[in-house]
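**Q** File name run20.cif; file contents mmCIF, C-alpha atoms; full text below.
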data_coords
#
loop_
_atom_site.label_atom_id
_atom_site.label_comp_id
_atom_site.auth_asym_id
_atom_site.auth_seq_id
_atom_site.Cartn_x
_atom_site.Cartn_y
_atom_site.Cartn_z
CA MET R 1383 -66.42 65.64 -160.82
CA LEU R 1384 -69.37 64.95 -163.12
CA LEU R 1385 -72.91 64.62 -161.81
CA VAL R 1386 -72.98 60.89 -162.51
CA GLU R 1387 -69.68 60.44 -160.65
CA ARG R 1388 -71.07 62.28 -157.62
CA TYR R 1389 -74.14 60.05 -157.82
CA ILE R 1390 -71.98 56.90 -157.79
CA LEU R 1391 -69.81 58.25 -154.97
CA ARG R 1392 -72.90 59.03 -152.88
CA ILE R 1393 -74.23 55.48 -153.25
CA ALA R 1394 -70.85 53.87 -152.53
CA GLY R 1395 -70.10 56.17 -149.60
CA SER R 1396 -73.48 55.56 -147.99
CA ALA R 1397 -73.09 51.80 -148.42
CA PHE R 1398 -69.63 51.96 -146.85
CA LEU R 1399 -70.81 53.90 -143.80
CA VAL R 1400 -73.76 51.54 -143.26
CA GLY R 1401 -71.58 48.47 -143.69
CA LEU R 1402 -68.89 49.83 -141.39
CA GLY R 1403 -71.43 50.74 -138.71
CA VAL R 1404 -73.27 47.41 -138.81
CA LEU R 1405 -70.16 45.22 -138.88
CA THR R 1406 -68.47 47.21 -136.12
CA ALA R 1407 -71.57 47.07 -133.92
CA VAL R 1408 -72.00 43.32 -134.35
CA ILE R 1409 -68.36 42.46 -133.69
CA TRP R 1410 -68.13 44.97 -130.81
CA LEU R 1411 -71.17 43.36 -129.19
CA THR R 1412 -69.60 39.90 -129.30
CA GLN R 1413 -66.39 41.27 -127.79
CA ALA R 1414 -68.18 43.38 -125.17
CA MET R 1415 -70.07 40.37 -123.81
CA ARG R 1416 -66.75 38.84 -122.82
CA ASP R 1417 -66.22 41.82 -120.48
CA PHE R 1418 -69.70 41.72 -118.98
CA ASP R 1419 -68.13 40.66 -115.68
CA LEU R 1420 -67.14 44.31 -115.20
CA MET R 1421 -70.70 44.87 -113.99
CA THR R 1422 -71.60 41.42 -112.65
CA THR R 1423 -68.55 40.44 -110.60
CA LYS R 1424 -66.49 43.63 -110.39
CA GLY R 1425 -69.38 45.93 -109.55
CA GLN R 1426 -68.65 48.62 -112.13
CA SER R 1427 -71.25 50.96 -113.58
CA LEU R 1428 -72.70 50.86 -117.07
CA ILE R 1429 -70.64 53.94 -117.95
CA VAL R 1430 -67.40 52.17 -117.02
CA PHE R 1431 -68.50 49.12 -119.00
CA PHE R 1432 -69.08 51.15 -122.17
CA HIS R 1433 -65.89 53.12 -121.62
CA VAL R 1434 -63.70 50.02 -121.30
CA THR R 1435 -65.34 48.03 -124.09
CA GLY R 1436 -65.54 51.08 -126.35
CA LEU R 1437 -61.77 51.38 -126.36
CA ILE R 1438 -61.51 48.35 -128.65
CA ILE R 1439 -63.52 50.09 -131.39
CA PRO R 1440 -60.51 51.74 -133.15
CA SER R 1441 -58.84 48.35 -133.60
CA LEU R 1442 -62.10 46.89 -134.92
CA VAL R 1443 -62.61 49.79 -137.32
CA MET R 1444 -59.07 49.42 -138.66
CA VAL R 1445 -59.72 45.79 -139.62
CA ILE R 1446 -63.33 46.23 -140.74
CA SER R 1447 -62.84 49.34 -142.93
CA PRO R 1448 -61.31 47.49 -145.93
CA ILE R 1449 -63.99 44.80 -145.67
CA ALA R 1450 -66.76 47.40 -145.55
CA LEU R 1451 -65.21 49.11 -148.58
CA PHE R 1452 -65.13 45.81 -150.45
CA ILE R 1453 -68.80 45.14 -149.68
CA ALA R 1454 -69.82 48.72 -150.56
CA THR R 1455 -68.03 48.57 -153.92
CA LEU R 1456 -69.64 45.24 -154.81
CA PHE R 1457 -73.06 46.49 -153.72
CA THR R 1458 -72.78 49.74 -155.71
CA LEU R 1459 -71.57 48.13 -158.93
CA ASN R 1460 -74.14 45.35 -158.71
CA ARG R 1461 -76.91 47.86 -158.13
CA LEU R 1462 -75.79 50.08 -161.01
CA ASN R 1463 -75.60 47.11 -163.33
CA GLY R 1464 -78.94 45.74 -162.16
CA ASP R 1465 -80.58 49.06 -163.04
CA SER R 1466 -78.74 49.01 -166.42
CA GLU R 1467 -76.94 52.21 -165.46
CA LEU R 1468 -73.51 50.77 -166.22
CA VAL R 1469 -74.65 49.81 -169.70
CA VAL R 1470 -76.10 53.27 -170.30
CA THR R 1471 -72.98 55.09 -169.13
CA ALA R 1472 -70.76 52.82 -171.23
CA SER R 1473 -72.96 53.46 -174.29
CA ALA R 1474 -72.68 57.21 -173.65
CA GLY R 1475 -68.89 56.96 -173.90
CA PHE R 1476 -68.10 56.64 -170.18
CA SER R 1477 -64.65 55.01 -170.00
CA PRO R 1478 -63.60 52.51 -167.29
CA PHE R 1479 -61.26 55.17 -165.89
CA GLN R 1480 -64.14 57.65 -165.53
CA LEU R 1481 -66.27 54.98 -163.85
CA PHE R 1482 -63.43 54.26 -161.44
CA ARG R 1483 -62.92 57.90 -160.39
CA PRO R 1484 -65.63 58.00 -157.67
CA PHE R 1485 -64.45 54.64 -156.35
CA ALA R 1486 -60.85 55.91 -156.36
CA VAL R 1487 -61.93 58.85 -154.19
CA LEU R 1488 -63.65 56.49 -151.77
CA ILE R 1489 -60.70 54.08 -151.72
CA MET R 1490 -58.26 56.88 -150.94
CA ALA R 1491 -60.53 58.25 -148.21
CA VAL R 1492 -60.90 54.83 -146.59
CA SER R 1493 -57.15 54.21 -146.86
CA LEU R 1494 -56.39 57.49 -145.07
CA PHE R 1495 -59.01 56.72 -142.45
CA SER R 1496 -57.60 53.23 -141.93
CA GLY R 1497 -54.10 54.71 -141.66
CA LEU R 1498 -55.28 57.17 -139.01
CA MET R 1499 -56.76 54.29 -137.03
CA SER R 1500 -53.69 52.08 -137.29
CA LEU R 1501 -51.00 54.72 -136.76
CA TRP R 1502 -52.60 56.81 -134.02
CA ALA R 1503 -56.04 55.85 -132.71
CA MET R 1504 -55.46 52.13 -132.17
CA PRO R 1505 -52.26 52.36 -130.07
CA ALA R 1506 -53.74 55.25 -128.09
CA SER R 1507 -56.87 53.22 -127.36
CA PHE R 1508 -54.89 50.17 -126.24
CA ARG R 1509 -52.83 52.32 -123.88
CA ALA R 1510 -56.04 53.86 -122.51
CA LEU R 1511 -57.50 50.36 -122.15
CA ARG R 1512 -54.50 49.28 -120.10
CA ASP R 1513 -54.98 52.26 -117.78
CA ALA R 1514 -58.74 51.68 -117.54
CA ILE R 1515 -58.28 48.02 -116.59
CA THR R 1516 -55.81 49.07 -113.90
CA GLU R 1517 -58.34 51.57 -112.58
CA VAL R 1518 -61.04 48.90 -112.53
CA GLN R 1519 -58.72 46.52 -110.71
CA SER R 1520 -57.96 49.23 -108.14
CA ASP R 1521 -61.66 49.85 -107.55
CA PHE R 1522 -62.26 46.12 -107.30
CA LEU R 1523 -59.61 45.64 -104.64
CA THR R 1524 -60.49 48.67 -102.53
CA ARG R 1525 -64.28 49.01 -102.96
CA ILE R 1526 -65.88 45.83 -104.26
CA VAL R 1527 -64.03 42.96 -102.55
CA ARG R 1528 -65.95 41.94 -99.44
CA PRO R 1529 -64.16 41.71 -96.08
CA GLY R 1530 -63.56 38.28 -94.64
CA THR R 1531 -63.54 36.44 -97.98
CA PHE R 1532 -60.72 35.03 -100.07
CA ASN R 1533 -60.96 36.42 -103.61
CA ASN R 1534 -59.27 34.75 -106.55
CA LEU R 1535 -58.36 37.79 -108.64
CA GLU R 1536 -56.79 35.65 -111.35
CA PRO R 1537 -55.17 32.19 -111.48
CA GLY R 1538 -52.58 32.05 -108.72
CA LEU R 1539 -53.46 35.40 -107.10
CA TYR R 1540 -55.56 35.54 -103.91
CA PHE R 1541 -56.56 38.59 -101.86
CA HIS R 1542 -58.19 38.89 -98.42
CA TYR R 1543 -58.73 41.57 -95.81
CA ARG R 1544 -60.37 41.36 -92.39
CA GLU R 1545 -62.46 44.51 -92.31
CA ARG R 1546 -62.73 48.05 -93.58
CA GLY R 1547 -61.46 50.83 -91.32
CA PRO R 1548 -61.93 54.61 -91.18
CA GLY R 1549 -61.41 56.51 -94.44
CA GLY R 1550 -61.74 53.37 -96.57
CA ALA R 1551 -58.59 51.75 -95.21
CA LEU R 1552 -58.36 47.95 -95.48
CA LEU R 1553 -57.39 46.19 -92.23
CA GLY R 1554 -55.73 42.81 -91.85
CA ILE R 1555 -54.51 42.28 -95.42
CA PHE R 1556 -53.35 38.92 -96.74
CA MET R 1557 -52.30 38.34 -100.34
CA LEU R 1558 -50.81 35.23 -101.96
CA ASP R 1559 -49.15 35.53 -105.36
CA ARG R 1560 -48.29 32.20 -107.03
CA ARG R 1561 -48.54 33.34 -110.65
CA GLU R 1562 -44.84 32.92 -111.37
CA GLU R 1563 -43.90 29.27 -111.57
CA GLY R 1564 -41.58 28.17 -108.78
CA GLN R 1565 -42.07 31.29 -106.66
CA ASN R 1566 -44.54 32.11 -103.88
CA ASN R 1567 -44.99 35.61 -102.47
CA VAL R 1568 -47.06 36.20 -99.35
CA TYR R 1569 -47.96 39.78 -98.34
CA LEU R 1570 -49.19 40.48 -94.80
CA ALA R 1571 -50.02 43.99 -93.60
CA GLU R 1572 -52.00 45.59 -90.80
CA THR R 1573 -53.52 48.25 -93.09
CA GLY R 1574 -53.71 49.17 -96.76
CA ILE R 1575 -54.81 52.44 -98.39
CA ALA R 1576 -55.47 53.00 -102.09
CA SER R 1577 -53.44 55.87 -103.55
CA LYS R 1578 -52.93 57.39 -107.00
CA VAL R 1579 -49.62 59.01 -108.01
CA GLU R 1580 -49.13 60.43 -111.52
CA ASP R 1581 -51.90 58.29 -113.04
CA GLN R 1582 -50.53 55.14 -111.37
CA ASN R 1583 -52.68 53.28 -108.83
CA TYR R 1584 -51.05 51.87 -105.71
CA LEU R 1585 -52.13 49.97 -102.63
CA VAL R 1586 -49.93 51.33 -99.83
CA LEU R 1587 -49.39 48.60 -97.21
CA GLU R 1588 -48.34 49.66 -93.72
CA THR R 1589 -46.63 47.62 -91.00
CA GLY R 1590 -46.23 44.16 -92.47
CA THR R 1591 -44.02 41.51 -94.01
CA ILE R 1592 -43.32 39.95 -97.40
CA GLN R 1593 -42.38 36.27 -97.53
CA ARG R 1594 -40.74 35.10 -100.74
CA GLN R 1595 -39.87 31.47 -101.36
CA ASP R 1596 -38.16 30.33 -104.54
CA LYS R 1597 -38.36 26.81 -105.91
CA GLY R 1598 -35.91 24.55 -104.10
CA ALA R 1599 -35.37 26.93 -101.17
CA GLU R 1600 -35.87 25.35 -97.76
CA THR R 1601 -36.90 28.54 -95.98
CA PRO R 1602 -38.55 31.68 -97.33
CA ALA R 1603 -36.88 35.07 -97.36
CA MET R 1604 -38.70 37.57 -95.19
CA ILE R 1605 -38.85 41.34 -95.58
CA VAL R 1606 -40.26 43.50 -92.79
CA PHE R 1607 -41.56 46.92 -93.79
CA ASP R 1608 -43.22 49.94 -92.25
CA SER R 1609 -44.64 51.08 -95.60
CA TYR R 1610 -44.72 49.30 -98.96
CA ALA R 1611 -46.44 50.48 -102.15
CA LEU R 1612 -47.93 47.79 -104.36
CA ASP R 1613 -48.35 48.84 -107.99
CA LEU R 1614 -51.87 47.67 -108.86
CA SER R 1615 -50.96 47.49 -112.54
CA HIS R 1616 -49.21 44.24 -111.61
CA PHE R 1617 -52.59 42.64 -110.94
CA GLY R 1618 -55.25 41.66 -113.41
CA PRO R 1619 -55.17 39.43 -116.51
CA ARG R 1620 -54.74 42.25 -119.01
CA ALA R 1621 -52.81 44.83 -117.00
CA THR R 1622 -49.81 42.83 -115.98
CA GLY R 1623 -47.51 45.66 -115.01
CA ALA R 1624 -45.01 44.54 -117.62
CA PRO R 1625 -43.47 47.05 -120.03
CA LEU R 1626 -45.81 48.42 -122.65
CA ARG R 1627 -46.58 45.81 -125.27
CA PRO R 1628 -45.91 46.69 -128.93
CA ARG R 1629 -49.55 47.43 -129.71
CA GLU R 1630 -49.74 49.82 -126.75
CA ARG R 1631 -46.82 51.95 -127.92
CA ALA R 1632 -47.07 55.01 -130.13
CA THR R 1633 -45.93 54.60 -133.71
CA LEU R 1634 -43.10 57.07 -133.15
CA ASP R 1635 -41.84 54.90 -130.28
CA LEU R 1636 -41.89 51.82 -132.50
CA LEU R 1637 -39.90 53.65 -135.17
CA ARG R 1638 -37.08 54.17 -132.70
CA TYR R 1639 -37.35 51.19 -130.37
CA ASP R 1640 -34.18 50.50 -128.40
CA LEU R 1641 -32.67 47.00 -128.77
CA SER R 1642 -30.61 47.57 -125.64
CA ASP R 1643 -33.84 47.24 -123.66
CA ALA R 1644 -34.19 43.64 -122.45
CA TYR R 1645 -37.94 43.44 -123.14
CA VAL R 1646 -37.56 44.93 -126.63
CA LYS R 1647 -34.66 42.63 -127.49
CA GLU R 1648 -36.60 39.58 -126.34
CA ASN R 1649 -39.63 40.58 -128.43
CA GLU R 1650 -37.92 42.22 -131.39
CA GLY R 1651 -40.00 40.22 -133.87
CA ARG R 1652 -43.26 41.41 -132.34
CA PHE R 1653 -42.09 45.02 -132.43
CA ARG R 1654 -41.06 44.71 -136.08
CA ALA R 1655 -44.34 43.06 -137.07
CA GLU R 1656 -46.45 45.60 -135.19
CA LEU R 1657 -44.64 48.56 -136.75
CA HIS R 1658 -45.02 47.38 -140.33
CA GLU R 1659 -48.58 46.14 -139.86
CA ARG R 1660 -49.62 49.70 -139.02
CA PHE R 1661 -48.26 50.97 -142.33
CA ILE R 1662 -49.56 47.99 -144.30
CA ALA R 1663 -53.15 48.27 -142.99
CA PRO R 1664 -54.18 51.10 -145.40
CA LEU R 1665 -52.85 49.09 -148.36
CA TYR R 1666 -55.50 46.43 -147.78
CA ALA R 1667 -58.22 49.02 -148.35
CA VAL R 1668 -56.70 49.77 -151.76
CA ALA R 1669 -56.36 46.09 -152.61
CA MET R 1670 -59.89 45.13 -151.58
CA GLY R 1671 -61.44 48.10 -153.33
CA MET R 1672 -59.56 47.25 -156.53
CA ILE R 1673 -60.54 43.58 -156.37
CA ALA R 1674 -64.23 44.49 -156.03
CA PHE R 1675 -64.04 46.95 -158.92
CA ALA R 1676 -62.19 44.45 -161.11
CA ALA R 1677 -64.89 41.85 -160.50
CA LEU R 1678 -67.96 43.96 -161.30
CA GLY R 1679 -66.68 47.09 -163.04
CA ALA R 1680 -67.44 45.88 -166.55
CA PRO R 1681 -71.05 46.47 -167.69
CA ARG R 1682 -73.16 43.40 -168.40
CA THR R 1683 -76.72 42.76 -169.40
CA THR R 1684 -79.23 41.71 -166.76
CA ARG R 1685 -79.29 38.23 -168.32
CA GLN R 1686 -75.64 37.66 -167.60
CA ASN R 1687 -74.95 36.05 -164.24
CA ARG R 1688 -72.58 38.03 -162.01
CA GLY R 1689 -72.60 35.48 -159.19
CA LEU R 1690 -69.42 33.82 -160.39
CA ALA R 1691 -67.59 37.17 -160.48
CA ILE R 1692 -68.76 38.00 -156.94
CA ALA R 1693 -67.68 34.56 -155.69
CA ALA R 1694 -64.27 35.00 -157.31
CA ALA R 1695 -63.87 38.43 -155.68
CA VAL R 1696 -64.82 37.06 -152.27
CA GLY R 1697 -62.41 34.14 -152.70
CA ALA R 1698 -59.57 36.44 -153.75
CA THR R 1699 -60.20 38.69 -150.75
CA LEU R 1700 -60.18 35.75 -148.35
CA LEU R 1701 -56.92 34.51 -149.80
CA LEU R 1702 -55.50 38.02 -149.48
CA ARG R 1703 -56.38 38.27 -145.80
CA VAL R 1704 -55.16 34.76 -145.00
CA GLY R 1705 -51.93 35.54 -146.81
CA GLY R 1706 -51.69 38.76 -144.81
CA PHE R 1707 -51.90 36.86 -141.52
CA GLY R 1708 -49.21 34.50 -142.77
CA ALA R 1709 -46.98 37.40 -143.81
CA SER R 1710 -47.45 38.97 -140.38
CA ALA R 1711 -46.24 35.76 -138.75
CA MET R 1712 -43.25 35.75 -141.12
CA MET R 1713 -42.39 39.33 -140.10
CA ALA R 1714 -42.32 38.30 -136.45
CA ARG R 1715 -39.88 35.50 -137.27
CA GLY R 1716 -37.53 37.39 -139.58
CA ALA R 1717 -36.92 40.61 -141.48
CA MET R 1718 -37.44 38.87 -144.83
CA GLY R 1719 -41.15 38.63 -144.06
CA VAL R 1720 -41.42 42.43 -144.32
CA VAL R 1721 -40.97 42.29 -148.10
CA ALA R 1722 -43.70 39.67 -148.46
CA ALA R 1723 -46.05 41.61 -146.19
CA TYR R 1724 -45.82 44.77 -148.32
CA ALA R 1725 -45.74 42.92 -151.64
CA LEU R 1726 -48.96 41.01 -151.00
CA PRO R 1727 -51.48 43.92 -151.00
CA LEU R 1728 -49.48 45.89 -153.57
CA LEU R 1729 -49.35 42.96 -155.98
CA ALA R 1730 -53.06 42.24 -155.46
CA SER R 1731 -53.88 45.88 -156.23
CA ALA R 1732 -51.75 45.88 -159.37
CA LEU R 1733 -53.21 42.63 -160.71
CA ALA R 1734 -56.76 43.79 -160.00
CA ALA R 1735 -56.08 47.11 -161.77
CA LEU R 1736 -54.63 45.36 -164.82
CA TYR R 1737 -57.66 43.10 -165.02
CA ALA R 1738 -60.15 45.95 -164.48
CA PHE R 1739 -58.63 48.15 -167.23
CA ARG R 1740 -57.43 45.40 -169.55
CA PHE R 1741 -59.62 46.50 -172.47
CA ALA R 1742 -58.89 50.21 -172.04
CA LEU R 1743 -55.15 49.53 -171.84
CA ASP R 1744 -55.27 47.28 -174.87
CA ARG R 1745 -56.53 50.02 -177.21
CA PRO R 1746 -53.22 51.97 -177.47
CA PHE R 1747 -51.34 48.74 -178.15
CA ARG R 1748 -53.80 47.78 -180.86
CA ARG R 1749 -53.23 51.13 -182.56
CA VAL R 1750 -49.48 50.66 -182.42
CA ARG R 1751 -49.80 47.19 -183.88
CA ALA R 1752 -52.06 48.52 -186.61
CA VAL R 1753 -49.51 51.20 -187.53
CA PHE R 1754 -46.70 48.65 -187.78
CA ALA R 1755 -48.94 46.28 -189.75
CA ALA R 1756 -49.77 49.02 -192.26
CA ALA R 1757 -46.12 49.87 -192.65
#
Would you put the structure from the file into structure tokens?

**A**
Amino acid sequence: MLLVERYILRIAGSAFLVGLGVLTAVIWLTQAMRDFDLMTTKGQSLIVFFHVTGLIIPSLVMVISPIALFIATLFTLNRLNGDSELVVTASAGFSPFQLFRPFAVLIMAVSLFSGLMSLWAMPASFRALRDAITEVQSDFLTRIVRPGTFNNLEPGLYFHYRERGPGGALLGIFMLDRREEGQNNVYLAETGIASKVEDQNYLVLETGTIQRQDKGAETPAMIVFDSYALDLSHFGPRATGAPLRPRERATLDLLRYDLSDAYVKENEGRFRAELHERFIAPLYAVAMGMIAFAALGAPRTTRQNRGLAIAAAVGATLLLRVGGFGASAMMARGAMGVVAAYALPLLASALAALYAFRFALDRPFRRVRAVFAAA
């Protein structure tokens, strides 16, 4: 790589890292404030707060990386042109392909990074987030909830215990679960002890009853138990105890999801869309990088206004992302949407490349035409 190419790559790479850091921090802060109740109402420490909210960063980085690349490419090309460096390099015989080389390196690096986030880091972080929320809910039930008060854990779910006994045991437990429409579950137990088995949190109820009444039933069904383990992952707005959602599953699991599973069969569209979105995500980095280069890659004098080119690039990128969201919805509804979802960023990249190198590609054709004209 030539010295000037390393110079351009250094500017673009630095701009990308700054843009990625700033955008991620701003968006993370807005998301983290929504979970501020971890400290205010659930009594968790600042460490737990940062741990839980930090688990959303891989998903943010996956989405923000192409945007940061787009901004960095625009910034670098605009700066080089403003300092007349693009004009100088073009006058020295620097071809558009040579100018693109450092940006191609950056685009490929960002694409690989985005792929790593989407294929591995993001699903792993969502699974860890599910476990962390369950842990927080367990701590909330067994350590933070005050005795003698009725606590609304979430809409339709109420928890109460009389007092705390030796060893942290909860005495006189009452719990009402009305979250499922048409069904009421009432749990009564003399004691309850928090327990953890193979990374799963349970509240073990001892000596009690469960009353279940379905809609239309005149009398509730009653179950008497000596010991009953409540899976705490069933409680909490984000840790519902349901099977792993598509975004919480490893990519390898999505590649071989089993349609005989009732949950998978019911949500087949979501599984299909999630799988392909993970592979499509790196393509948006290529498309956005190419659009930015196509808009400002040609050298211009300082008197020529580049605002229109920047506005066109921003508009094209917005249309690309909106189209991507639409294609994702199409994938969830039917397999035909998969073709559109892949074609959108690939077509945008190809069109941007043709526009960026239109003059360089036209030279061979002009020579061929000249040869035939002379003949």

**Q** Given the file shown, determine the residues that the PyMOL selection byres ((chain R and resi 1402-1408) around 7) selects; report them as a ChimeraX atom specification.

**A** /R:1398-1401,1409-1412,1442-1443,1446-1447,1450

**Q** Translate the PyMOL selection byres ((chain R and resi 1437) around 12) into a concrete residue list for this structure, as a VMD selection string.

**A** chain R and resid 1410 1413 to 1414 1430 to 1436 1438 to 1443 1503 to 1515

**Q** Nearest residue to R:Leu1678 out of R:Pro1529, R:Ala1486, R:Leu1626, R:Thr1455, using all atoms listed in the file?

**A**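 Of R:Pro1529, R:Ala1486, R:Leu1626, R:Thr1455, the one nearest R:Leu1678 is R:Thr1455, counting all atoms listed in the file.
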
**Q** What lies within 10 Å of R:Ala1680 using only C-alpha atoms, ignoring chain neighbours under 5 positions off, as a PyMOL selection string?

**A** chain R and resi 1459+1463+1468-1469+1472+1478+1481+1675+1738-1739+1741

**Q** Find the distance between atom CA of R:Gly1689 and atom CA of R:Glu1467 and write it in Å to one decimal.

**A**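 If I compute the distance from atom CA of R:Gly1689 to atom CA of R:Glu1467, I get 18.4 Å.
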
**Q** Output stretch 1567-1592 of chain R as a short mmCIF file (atom, residue, chain, number, x, y, z; two decimals), keeping the file's coordinate frame, making sure N, CA and C atoms are there.

**A**
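Resulting contents of result27.cif:
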data_model
loop_
_atom_site.label_atom_id
_atom_site.label_comp_id
_atom_site.auth_asym_id
_atom_site.auth_seq_id
_atom_site.Cartn_x
_atom_site.Cartn_y
_atom_site.Cartn_z
N ASN R 1567 -45.12 34.36 -103.22
CA ASN R 1567 -44.99 35.61 -102.47
C ASN R 1567 -46.21 35.78 -101.59
N VAL R 1568 -45.98 35.99 -100.31
CA VAL R 1568 -47.06 36.20 -99.35
C VAL R 1568 -46.90 37.59 -98.74
N TYR R 1569 -47.95 38.42 -98.88
CA TYR R 1569 -47.96 39.78 -98.34
C TYR R 1569 -48.89 39.82 -97.14
N LEU R 1570 -48.39 40.28 -96.01
CA LEU R 1570 -49.19 40.48 -94.80
C LEU R 1570 -49.01 41.92 -94.35
N ALA R 1571 -50.11 42.60 -94.04
CA ALA R 1571 -50.02 43.99 -93.60
C ALA R 1571 -51.19 44.30 -92.67
N GLU R 1572 -50.93 45.20 -91.72
CA GLU R 1572 -52.00 45.59 -90.80
C GLU R 1572 -53.04 46.46 -91.51
N THR R 1573 -52.58 47.38 -92.38
CA THR R 1573 -53.52 48.25 -93.09
C THR R 1573 -53.06 48.43 -94.54
N GLY R 1574 -54.00 48.86 -95.37
CA GLY R 1574 -53.71 49.17 -96.76
C GLY R 1574 -54.61 50.30 -97.24
N ILE R 1575 -54.04 51.28 -97.92
CA ILE R 1575 -54.81 52.44 -98.39
C ILE R 1575 -54.55 52.62 -99.88
N ALA R 1576 -55.61 52.77 -100.65
CA ALA R 1576 -55.47 53.00 -102.09
C ALA R 1576 -54.97 54.42 -102.32
N SER R 1577 -54.02 54.56 -103.25
CA SER R 1577 -53.44 55.87 -103.55
C SER R 1577 -53.16 55.95 -105.04
N LYS R 1578 -53.19 57.18 -105.58
CA LYS R 1578 -52.93 57.39 -107.00
C LYS R 1578 -51.84 58.45 -107.13
N VAL R 1579 -50.75 58.10 -107.82
CA VAL R 1579 -49.62 59.01 -108.01
C VAL R 1579 -49.29 59.05 -109.50
N GLU R 1580 -49.46 60.23 -110.10
CA GLU R 1580 -49.13 60.43 -111.52
C GLU R 1580 -49.78 59.36 -112.39
N ASP R 1581 -51.09 59.21 -112.24
CA ASP R 1581 -51.90 58.29 -113.04
C ASP R 1581 -51.60 56.82 -112.78
N GLN R 1582 -50.80 56.53 -111.75
CA GLN R 1582 -50.53 55.14 -111.37
C GLN R 1582 -51.26 54.84 -110.06
N ASN R 1583 -51.93 53.67 -110.00
CA ASN R 1583 -52.68 53.28 -108.83
C ASN R 1583 -51.84 52.36 -107.95
N TYR R 1584 -51.82 52.65 -106.66
CA TYR R 1584 -51.05 51.87 -105.71
C TYR R 1584 -51.92 51.48 -104.52
N LEU R 1585 -51.58 50.35 -103.92
CA LEU R 1585 -52.13 49.97 -102.63
C LEU R 1585 -50.99 50.06 -101.64
N VAL R 1586 -51.03 51.08 -100.77
CA VAL R 1586 -49.93 51.33 -99.83
C VAL R 1586 -50.17 50.49 -98.58
N LEU R 1587 -49.30 49.48 -98.37
CA LEU R 1587 -49.39 48.60 -97.21
C LEU R 1587 -48.54 49.19 -96.08
N GLU R 1588 -49.05 49.11 -94.88
CA GLU R 1588 -48.34 49.66 -93.72
C GLU R 1588 -48.19 48.59 -92.65
N THR R 1589 -46.97 48.52 -92.10
CA THR R 1589 -46.63 47.62 -91.00
C THR R 1589 -46.95 46.17 -91.37
N GLY R 1590 -46.00 45.53 -92.05
CA GLY R 1590 -46.23 44.16 -92.47
C GLY R 1590 -44.97 43.46 -92.90
N THR R 1591 -45.15 42.32 -93.55
CA THR R 1591 -44.02 41.51 -94.01
C THR R 1591 -44.31 40.97 -95.41
N ILE R 1592 -43.23 40.64 -96.12
CA ILE R 1592 -43.32 39.95 -97.40
C ILE R 1592 -42.47 38.69 -97.29
#
